Amino acid sequence: MPALLPPALEPFLDVLRCPVCRARLRPDRGSLRCPAGHTFDIARQGYVSLLTGIRATSGDDAAMVQARNRFLSTGRYAPVHETLTRMTADVLSGQGTVVDVGCGTGHYLAGVLDQLPGTRGLGLDTSASALRSAARAHPRAAAASWDVFRPFPLVDQGVDIVLDVFAPRNPSEFHRVLRPTGRLIVVRPVERHLAELRGQVPAMVTIDPDKEQRLQQALAPHFRAAGTQHVEYTTPLTRQEVIDLVGMTPSARHLTHADLSGYGRLPDQVTVSVLATSYQPR
C-alpha cells in the first residue's frame, strides 16, 4: 500500500465505492482510483476528497471548527455524547462499521469508537476544515468529503450504524447503506435547547416547532423507531464558552465575533435539550 494511504482508511476500501461509476476504489500514489480512472486525492491531513470537482453545500469554516473543538473539549455536551455512545453500544457490541454523516470534527464518532474496540468508523462531511480534525480524531476513524444530499459512495447494506448528530438527513440513502440488522441513530435539538441563549442573541437560528413532525414523516417510509431518549439538563457556561457555542452553530454565519463581544450580557448557563432516537430499517 502507498505510504500516503492513512491506516484508518485502508479497512474501508471494501465498502467505499467510486461516486461516479460505483466501482471499487484502490490506492494509487496518494489517491484512490477506480478501474475507469476516476481519481480522488487523499489530502495530506488524512481525509479523501471524494467530492473533487463537485460543488458541495457549504460546510463549517475554519473559525466554526475551532469554536467547535474548543467548546466540545469542555465536556458541556458530555451527557449527549454518553447517551449516543450507550445507544450505539446497545446495538453493536462486537466488530462493526459506523458511519457518521455530517461528522464535523469527529468528536462524537471518536467517543463511540473509544467504547467499541472492534469497531471502525468513517466520518463524512462537506467541510475541509472539519475533516482535517475528523481524520485525526481517532486511530480507527477515517474521513471523507461528501455531501449528505447525494447518493453515498458506499456499498449497499455494508454499514452497521449510521450516526446523524445535529446534521442533515438523507433517509433513503441511510436505508440503502445499512444492514437489515443495523440502526440509524439521530440526535436533534428540541424547542427548549439553548432557549436562554436564543432569548438574548436575536440572530440565533430558531428551532422550527414542526421540525420533529417533518423528521418522522421523512423517516417513516424507511425506518421505525426502536427507542428514544430525551437528554435535558442545565449547564453553566463561561463567556468564552457562550461565544464558542454560538460560533460552532449555523448562527455563526449571521454573527461575527465582534457582534457577540458587543453584547453587554450573555447567559451564564443554558438548557441543553435533545432527542436521541434509534431507528430500525423497515
# chains A, B, ... in the order shown; residues from 1 in each chain; ligands from 1
call {"tool": "residues_around", "arguments": {"residues": "Pro153 (chain A)", "least_positions_apart": "2", "cutoff": "6 Å", "atoms": "only C-alpha atoms", "output": "PyMOL selection string"}}
result
chain A and resi 16-17+19
call {"tool": "write_last_selection", "arguments": {"atoms": "N, CA and C atoms", "output": "PDB file, in the first residue's frame"}}
result
ATOM      1  N   LEU A  16     -16.185   1.405   0.441  1.00  0.00           N
ATOM      2  CA  LEU A  16     -16.193   2.611  -0.378  1.00  0.00           C
ATOM      3  C   LEU A  16     -16.382   2.257  -1.850  1.00  0.00           C
ATOM      4  N   ARG A  17     -17.069   3.121  -2.562  1.00  0.00           N
ATOM      5  CA  ARG A  17     -17.271   2.947  -3.993  1.00  0.00           C
ATOM      6  C   ARG A  17     -17.040   4.277  -4.704  1.00  0.00           C
ATOM      7  N   PRO A  19     -17.771   7.417  -6.506  1.00  0.00           N
ATOM      8  CA  PRO A  19     -19.030   8.160  -6.574  1.00  0.00           C
ATOM      9  C   PRO A  19     -19.497   8.447  -7.997  1.00  0.00           C
TER      10      PRO A  19
END
call {"tool": "select_by_dssp", "arguments": {"residues": "region 22-72 of chain A", "states": "strand (DSSP E or B)", "output": "MDAnalysis selection string"}}
result
chainID A and resid 24 26:27 31:33 39:42 48
call {"tool": "write_last_selection", "arguments": {"atoms": "N, CA and C atoms", "output": "mmCIF file, in the first residue's frame"}}
result
data_model
loop_
_atom_site.group_PDB
_atom_site.id
_atom_site.type_symbol
_atom_site.label_atom_id
_atom_site.label_comp_id
_atom_site.auth_asym_id
_atom_site.auth_seq_id
_atom_site.Cartn_x
_atom_site.Cartn_y
_atom_site.Cartn_z
ATOM 1 N N ARG A 24 -15.186 -0.345 -7.441
ATOM 2 C CA ARG A 24 -14.319 -0.383 -6.257
ATOM 3 C C ARG A 24 -13.179 0.623 -6.410
ATOM 4 N N ARG A 26 -9.192 1.711 -5.292
ATOM 5 C CA ARG A 26 -7.918 1.157 -4.849
ATOM 6 C C ARG A 26 -6.907 2.275 -4.685
ATOM 7 N N PRO A 27 -5.940 2.099 -3.775
ATOM 8 C CA PRO A 27 -4.907 3.127 -3.597
ATOM 9 C C PRO A 27 -4.044 3.269 -4.842
ATOM 10 N N SER A 31 -3.719 8.652 -3.781
ATOM 11 C CA SER A 31 -5.111 8.884 -4.139
ATOM 12 C C SER A 31 -5.850 7.556 -4.120
ATOM 13 N N LEU A 32 -7.159 7.621 -4.299
ATOM 14 C CA LEU A 32 -7.967 6.433 -4.538
ATOM 15 C C LEU A 32 -8.443 6.496 -5.983
ATOM 16 N N ARG A 33 -8.413 5.342 -6.658
ATOM 17 C CA ARG A 33 -8.698 5.316 -8.093
ATOM 18 C C ARG A 33 -9.524 4.085 -8.416
ATOM 19 N N THR A 39 -10.292 9.442 -10.188
ATOM 20 C CA THR A 39 -9.255 9.538 -9.161
ATOM 21 C C THR A 39 -9.644 10.575 -8.109
ATOM 22 N N PHE A 40 -9.397 10.237 -6.844
ATOM 23 C CA PHE A 40 -9.785 11.091 -5.727
ATOM 24 C C PHE A 40 -8.596 11.235 -4.781
ATOM 25 N N ASP A 41 -8.146 12.453 -4.607
ATOM 26 C CA ASP A 41 -6.930 12.714 -3.845
ATOM 27 C C ASP A 41 -7.129 12.470 -2.357
ATOM 28 N N ILE A 42 -6.063 11.977 -1.749
ATOM 29 C CA ILE A 42 -6.007 11.880 -0.291
ATOM 30 C C ILE A 42 -5.240 13.099 0.201
ATOM 31 N N VAL A 48 -9.942 11.677 2.449
ATOM 32 C CA VAL A 48 -10.002 11.513 0.996
ATOM 33 C C VAL A 48 -11.065 12.450 0.429
#
call {"tool": "closest_residue", "arguments": {"among": "A:Pro267, A:Gly37, A:Pro117, A:Pro171", "to": "Val246 (chain A)", "atoms": "only C-alpha atoms"}}
result
A:Pro267
call {"tool": "residues_around", "arguments": {"residues": "Leu237 (chain A)", "least_positions_apart": "4", "cutoff": "12 Å", "atoms": "only C-alpha atoms", "output": "list in words"}}
result
Phe71, Thr74, Gly75, Arg76, Tyr77, Leu194, Glu196, Leu197, Glu241, Val242, Ile243, Asp244, Leu245, Val246, Leu266, Pro267, Asp268, Gln269, Val270, Thr271 and Val272 of chain A
call {"tool": "atom_distance", "arguments": {"atom1": "CA of Gln280 (chain A)", "atom2": "CA of Val190 (chain A)"}}
result
21.7 Å
call {"tool": "residues_around", "arguments": {"residues": "Pro209 (chain A)", "least_positions_apart": "5", "cutoff": "12 Å", "atoms": "only C-alpha atoms", "output": "list in words"}}
result
Pro189, Val190, Glu191, Arg192, His193, Arg214 and Leu215 of chain A
call {"tool": "closest_residue", "arguments": {"among": "A:Thr97, A:Thr277, A:Thr119, A:Gln240", "to": "Arg70 (chain A)", "atoms": "only C-alpha atoms"}}
result
A:Gln240
call {"tool": "residues_around", "arguments": {"residues": "Gly59 (chain A)", "least_positions_apart": "2", "cutoff": "9 Å", "atoms": "only C-alpha atoms", "output": "PDB file with N, CA, C and O atoms, in the first residue's frame"}}
result
ATOM      1  N   ALA A  56     -20.074  21.319  -3.455  1.00  0.00           N
ATOM      2  CA  ALA A  56     -20.890  20.779  -2.368  1.00  0.00           C
ATOM      3  C   ALA A  56     -21.618  21.899  -1.648  1.00  0.00           C
ATOM      4  O   ALA A  56     -21.354  23.080  -1.854  1.00  0.00           O
ATOM      5  N   THR A  57     -22.569  21.526  -0.776  1.00  0.00           N
ATOM      6  CA  THR A  57     -23.187  22.512   0.079  1.00  0.00           C
ATOM      7  C   THR A  57     -22.138  23.063   1.032  1.00  0.00           C
ATOM      8  O   THR A  57     -21.123  22.419   1.308  1.00  0.00           O
ATOM      9  N   ASP A  61     -16.707  26.605   8.385  1.00  0.00           N
ATOM     10  CA  ASP A  61     -15.427  27.203   8.027  1.00  0.00           C
ATOM     11  C   ASP A  61     -14.435  27.001   9.168  1.00  0.00           C
ATOM     12  O   ASP A  61     -14.762  26.417  10.215  1.00  0.00           O
ATOM     13  N   GLY A 104     -18.623  16.565  11.281  1.00  0.00           N
ATOM     14  CA  GLY A 104     -17.916  17.695  11.866  1.00  0.00           C
ATOM     15  C   GLY A 104     -16.487  17.340  12.198  1.00  0.00           C
ATOM     16  O   GLY A 104     -15.764  16.760  11.386  1.00  0.00           O
ATOM     17  N   ASP A 125     -18.337  14.537   5.641  1.00  0.00           N
ATOM     18  CA  ASP A 125     -18.687  15.942   5.833  1.00  0.00           C
ATOM     19  C   ASP A 125     -18.279  16.718   4.587  1.00  0.00           C
ATOM     20  O   ASP A 125     -17.402  16.273   3.825  1.00  0.00           O
ATOM     21  N   THR A 126     -18.899  17.884   4.390  1.00  0.00           N
ATOM     22  CA  THR A 126     -18.525  18.722   3.247  1.00  0.00           C
ATOM     23  C   THR A 126     -17.385  19.670   3.574  1.00  0.00           C
ATOM     24  O   THR A 126     -16.755  20.215   2.676  1.00  0.00           O
ATOM     25  N   SER A 127     -17.131  19.894   4.860  1.00  0.00           N
ATOM     26  CA  SER A 127     -16.168  20.906   5.281  1.00  0.00           C
ATOM     27  C   SER A 127     -14.749  20.358   5.333  1.00  0.00           C
ATOM     28  O   SER A 127     -14.449  19.470   6.140  1.00  0.00           O
ATOM     29  N   ALA A 128     -13.868  20.920   4.519  1.00  0.00           N
ATOM     30  CA  ALA A 128     -12.460  20.509   4.563  1.00  0.00           C
ATOM     31  C   ALA A 128     -11.854  20.835   5.915  1.00  0.00           C
ATOM     32  O   ALA A 128     -11.041  20.068   6.452  1.00  0.00           O
ATOM     33  N   SER A 129     -12.239  21.961   6.497  1.00  0.00           N
ATOM     34  CA  SER A 129     -11.700  22.345   7.807  1.00  0.00           C
ATOM     35  C   SER A 129     -12.086  21.329   8.869  1.00  0.00           C
ATOM     36  O   SER A 129     -11.265  20.941   9.710  1.00  0.00           O
ATOM     37  N   ALA A 130     -13.348  20.876   8.852  1.00  0.00           N
ATOM     38  CA  ALA A 130     -13.797  19.878   9.825  1.00  0.00           C
ATOM     39  C   ALA A 130     -13.120  18.534   9.591  1.00  0.00           C
ATOM     40  O   ALA A 130     -12.725  17.844  10.539  1.00  0.00           O
TER      41      ALA A 130
END
call {"tool": "residues_around", "arguments": {"residues": "Gly46 (chain A)", "least_positions_apart": "2", "cutoff": "10 Å", "atoms": "only C-alpha atoms", "output": "PyMOL selection string"}}
result
chain A and resi 4-9+41-44+48-49+131-136+142-144
call {"tool": "closest_residue", "arguments": {"among": "A:Gly199, A:Pro221, A:Gly247, A:Gly182", "to": "Gln66 (chain A)", "atoms": "only C-alpha atoms"}}
result
A:Gly247
call {"tool": "select_by_dssp", "arguments": {"residues": "region 148-235 of chain A", "states": "helix (DSSP H, G or I)", "output": "list in words"}}
result
Pro171, Ser172, Glu173, Phe174, His175, Arg176, Val177, Ala195, Glu196, Leu197, Arg198, Gly199, Gln200, Lys211, Glu212, Gln213, Arg214, Leu215, Gln216, Gln217, Ala218 and Leu219 of chain A
call {"tool": "closest_residue", "arguments": {"among": "A:Leu255, A:Leu124, A:Met248, A:Val80", "to": "Asp60 (chain A)", "atoms": "only C-alpha atoms"}}
result
A:Met248
call {"tool": "residues_around", "arguments": {"residues": "Thr85 (chain A)", "least_positions_apart": "5", "cutoff": "9 Å", "atoms": "only C-alpha atoms", "output": "list in words"}}
result
Val80, Asp90, Tyr108, Leu109, Gly111, Val112, Leu113 and Gln115 of chain A
call {"tool": "atom_distance", "arguments": {"atom1": "CA of Val205 (chain A)", "atom2": "CA of Val274 (chain A)"}}
result
15.7 Å
call {"tool": "closest_residue", "arguments": {"among": "A:Ala36, A:Arg29, A:Phe166, A:Cys18", "to": "Pro151 (chain A)", "atoms": "only C-alpha atoms"}}
result
A:Cys18
call {"tool": "closest_residue", "arguments": {"among": "A:Phe149, A:Tyr47, A:Phe12, A:Phe174", "to": "Phe223 (chain A)", "atoms": "only C-alpha atoms"}}
result
A:Phe174
call {"tool": "decode", "arguments": {"residues": "region 200-216 of chain A", "atoms": "all heavy atoms", "output": "CSV table (one decimal), in the first residue's frame"}}
result
chain,number,residue,atom,x,y,z
A,200,GLN,N,-31.4,35.9,24.3
A,200,GLN,CA,-30.6,37.1,24.4
A,200,GLN,C,-29.8,37.4,23.2
A,200,GLN,O,-29.2,38.5,23.1
A,200,GLN,CB,-29.6,36.9,25.6
A,200,GLN,CG,-30.3,36.9,27.0
A,200,GLN,CD,-29.3,37.0,28.1
A,200,GLN,OE1,-28.2,37.6,27.9
A,200,GLN,NE2,-29.6,36.5,29.3
A,201,VAL,N,-29.7,36.5,22.2
A,201,VAL,CA,-29.0,36.7,21.0
A,201,VAL,C,-30.0,36.5,19.8
A,201,VAL,O,-30.2,35.4,19.4
A,201,VAL,CB,-27.8,35.7,20.8
A,201,VAL,CG1,-27.0,36.0,19.5
A,201,VAL,CG2,-26.9,35.8,22.0
A,202,PRO,N,-30.7,37.6,19.4
A,202,PRO,CA,-31.8,37.5,18.5
A,202,PRO,C,-31.4,36.9,17.1
A,202,PRO,O,-32.2,36.3,16.5
A,202,PRO,CB,-32.2,39.0,18.3
A,202,PRO,CG,-31.8,39.7,19.5
A,202,PRO,CD,-30.5,39.0,19.9
A,203,ALA,N,-30.1,37.0,16.8
A,203,ALA,CA,-29.7,36.4,15.5
A,203,ALA,C,-29.5,34.9,15.5
A,203,ALA,O,-29.3,34.3,14.5
A,203,ALA,CB,-28.4,37.1,15.0
A,204,MET,N,-29.7,34.3,16.7
A,204,MET,CA,-29.5,32.8,16.8
A,204,MET,C,-30.6,32.2,16.0
A,204,MET,O,-31.8,32.6,16.0
A,204,MET,CB,-29.7,32.4,18.2
A,204,MET,CG,-28.4,32.6,19.1
A,204,MET,SD,-27.2,31.3,18.7
A,204,MET,CE,-27.9,29.8,19.5
A,205,VAL,N,-30.3,31.1,15.3
A,205,VAL,CA,-31.2,30.3,14.5
A,205,VAL,C,-32.2,29.7,15.4
A,205,VAL,O,-31.9,29.0,16.4
A,205,VAL,CB,-30.5,29.3,13.6
A,205,VAL,CG1,-31.5,28.4,12.9
A,205,VAL,CG2,-29.6,30.0,12.6
A,206,THR,N,-33.5,29.9,15.1
A,206,THR,CA,-34.6,29.3,15.9
A,206,THR,C,-34.8,27.8,15.5
A,206,THR,O,-34.4,27.4,14.5
A,206,THR,CB,-35.9,30.1,15.8
A,206,THR,OG1,-36.3,30.1,14.5
A,206,THR,CG2,-35.7,31.5,16.3
A,207,ILE,N,-35.6,27.1,16.4
A,207,ILE,CA,-35.9,25.7,16.1
A,207,ILE,C,-37.4,25.7,15.7
A,207,ILE,O,-38.3,26.1,16.5
A,207,ILE,CB,-35.7,24.9,17.4
A,207,ILE,CG1,-34.2,24.8,17.8
A,207,ILE,CG2,-36.2,23.4,17.2
A,207,ILE,CD1,-33.9,24.2,19.1
A,208,ASP,N,-37.6,25.2,14.5
A,208,ASP,CA,-39.0,25.2,14.0
A,208,ASP,C,-39.8,24.2,14.8
A,208,ASP,O,-39.4,23.0,14.9
A,208,ASP,CB,-38.9,24.7,12.5
A,208,ASP,CG,-40.2,24.7,11.8
A,208,ASP,OD1,-41.3,24.7,12.5
A,208,ASP,OD2,-40.2,24.6,10.5
A,209,PRO,N,-40.9,24.6,15.3
A,209,PRO,CA,-41.7,23.7,16.1
A,209,PRO,C,-42.3,22.5,15.4
A,209,PRO,O,-42.7,21.5,15.9
A,209,PRO,CB,-42.9,24.6,16.7
A,209,PRO,CG,-42.9,25.7,15.7
A,209,PRO,CD,-41.5,25.9,15.3
A,210,ASP,N,-42.3,22.6,14.0
A,210,ASP,CA,-42.8,21.5,13.2
A,210,ASP,C,-41.7,20.6,12.7
A,210,ASP,O,-42.0,19.6,12.0
A,210,ASP,CB,-43.6,22.0,12.0
A,210,ASP,CG,-44.8,22.8,12.4
A,210,ASP,OD1,-45.5,22.4,13.4
A,210,ASP,OD2,-45.1,23.8,11.7
A,211,LYS,N,-40.5,20.8,13.2
A,211,LYS,CA,-39.3,20.1,12.7
A,211,LYS,C,-39.4,18.6,13.0
A,211,LYS,O,-39.1,17.7,12.2
A,211,LYS,CB,-38.0,20.7,13.2
A,211,LYS,CG,-36.8,20.1,12.7
A,211,LYS,CD,-35.5,20.8,13.2
A,211,LYS,CE,-34.3,20.2,12.6
A,211,LYS,NZ,-33.1,21.0,13.0
A,212,GLU,N,-39.9,18.3,14.2
A,212,GLU,CA,-39.9,16.9,14.7
A,212,GLU,C,-40.9,16.1,13.8
A,212,GLU,O,-40.7,15.0,13.5
A,212,GLU,CB,-40.3,16.9,16.2
A,212,GLU,CG,-40.3,15.5,16.8
A,212,GLU,CD,-38.9,14.8,16.8
A,212,GLU,OE1,-37.9,15.6,16.7
A,212,GLU,OE2,-38.8,13.6,16.9
A,213,GLN,N,-42.1,16.7,13.6
A,213,GLN,CA,-43.1,16.1,12.8
A,213,GLN,C,-42.6,15.8,11.4
A,213,GLN,O,-42.8,14.7,10.8
A,213,GLN,CB,-44.4,16.9,12.7
A,213,GLN,CG,-45.5,16.3,11.9
A,213,GLN,CD,-46.7,17.1,11.9
A,213,GLN,OE1,-46.8,18.2,12.4
A,213,GLN,NE2,-47.8,16.6,11.2
A,214,ARG,N,-41.9,16.7,10.8
A,214,ARG,CA,-41.3,16.5,9.4
A,214,ARG,C,-40.3,15.5,9.4
A,214,ARG,O,-40.2,14.7,8.5
A,214,ARG,CB,-40.7,17.9,8.9
A,214,ARG,CG,-41.8,18.9,8.6
A,214,ARG,CD,-41.2,19.9,7.6
A,214,ARG,NE,-40.0,20.5,8.1
A,214,ARG,CZ,-39.9,21.6,8.9
A,214,ARG,NH1,-41.1,22.2,9.3
A,214,ARG,NH2,-38.8,22.0,9.3
A,215,LEU,N,-39.5,15.4,10.5
A,215,LEU,CA,-38.5,14.3,10.6
A,215,LEU,C,-39.1,12.9,10.6
A,215,LEU,O,-38.7,12.1,9.8
A,215,LEU,CB,-37.6,14.5,11.9
A,215,LEU,CG,-36.7,13.3,12.2
A,215,LEU,CD1,-35.6,13.2,11.2
A,215,LEU,CD2,-36.2,13.5,13.6
A,216,GLN,N,-40.1,12.8,11.4
A,216,GLN,CA,-40.8,11.5,11.5
A,216,GLN,C,-41.5,11.1,10.1
A,216,GLN,O,-41.4,9.9,9.7
A,216,GLN,CB,-41.8,11.5,12.6
A,216,GLN,CG,-41.2,11.8,14.0
A,216,GLN,CD,-40.0,10.9,14.3
A,216,GLN,OE1,-39.8,9.8,13.9
A,216,GLN,NE2,-39.0,11.5,15.1
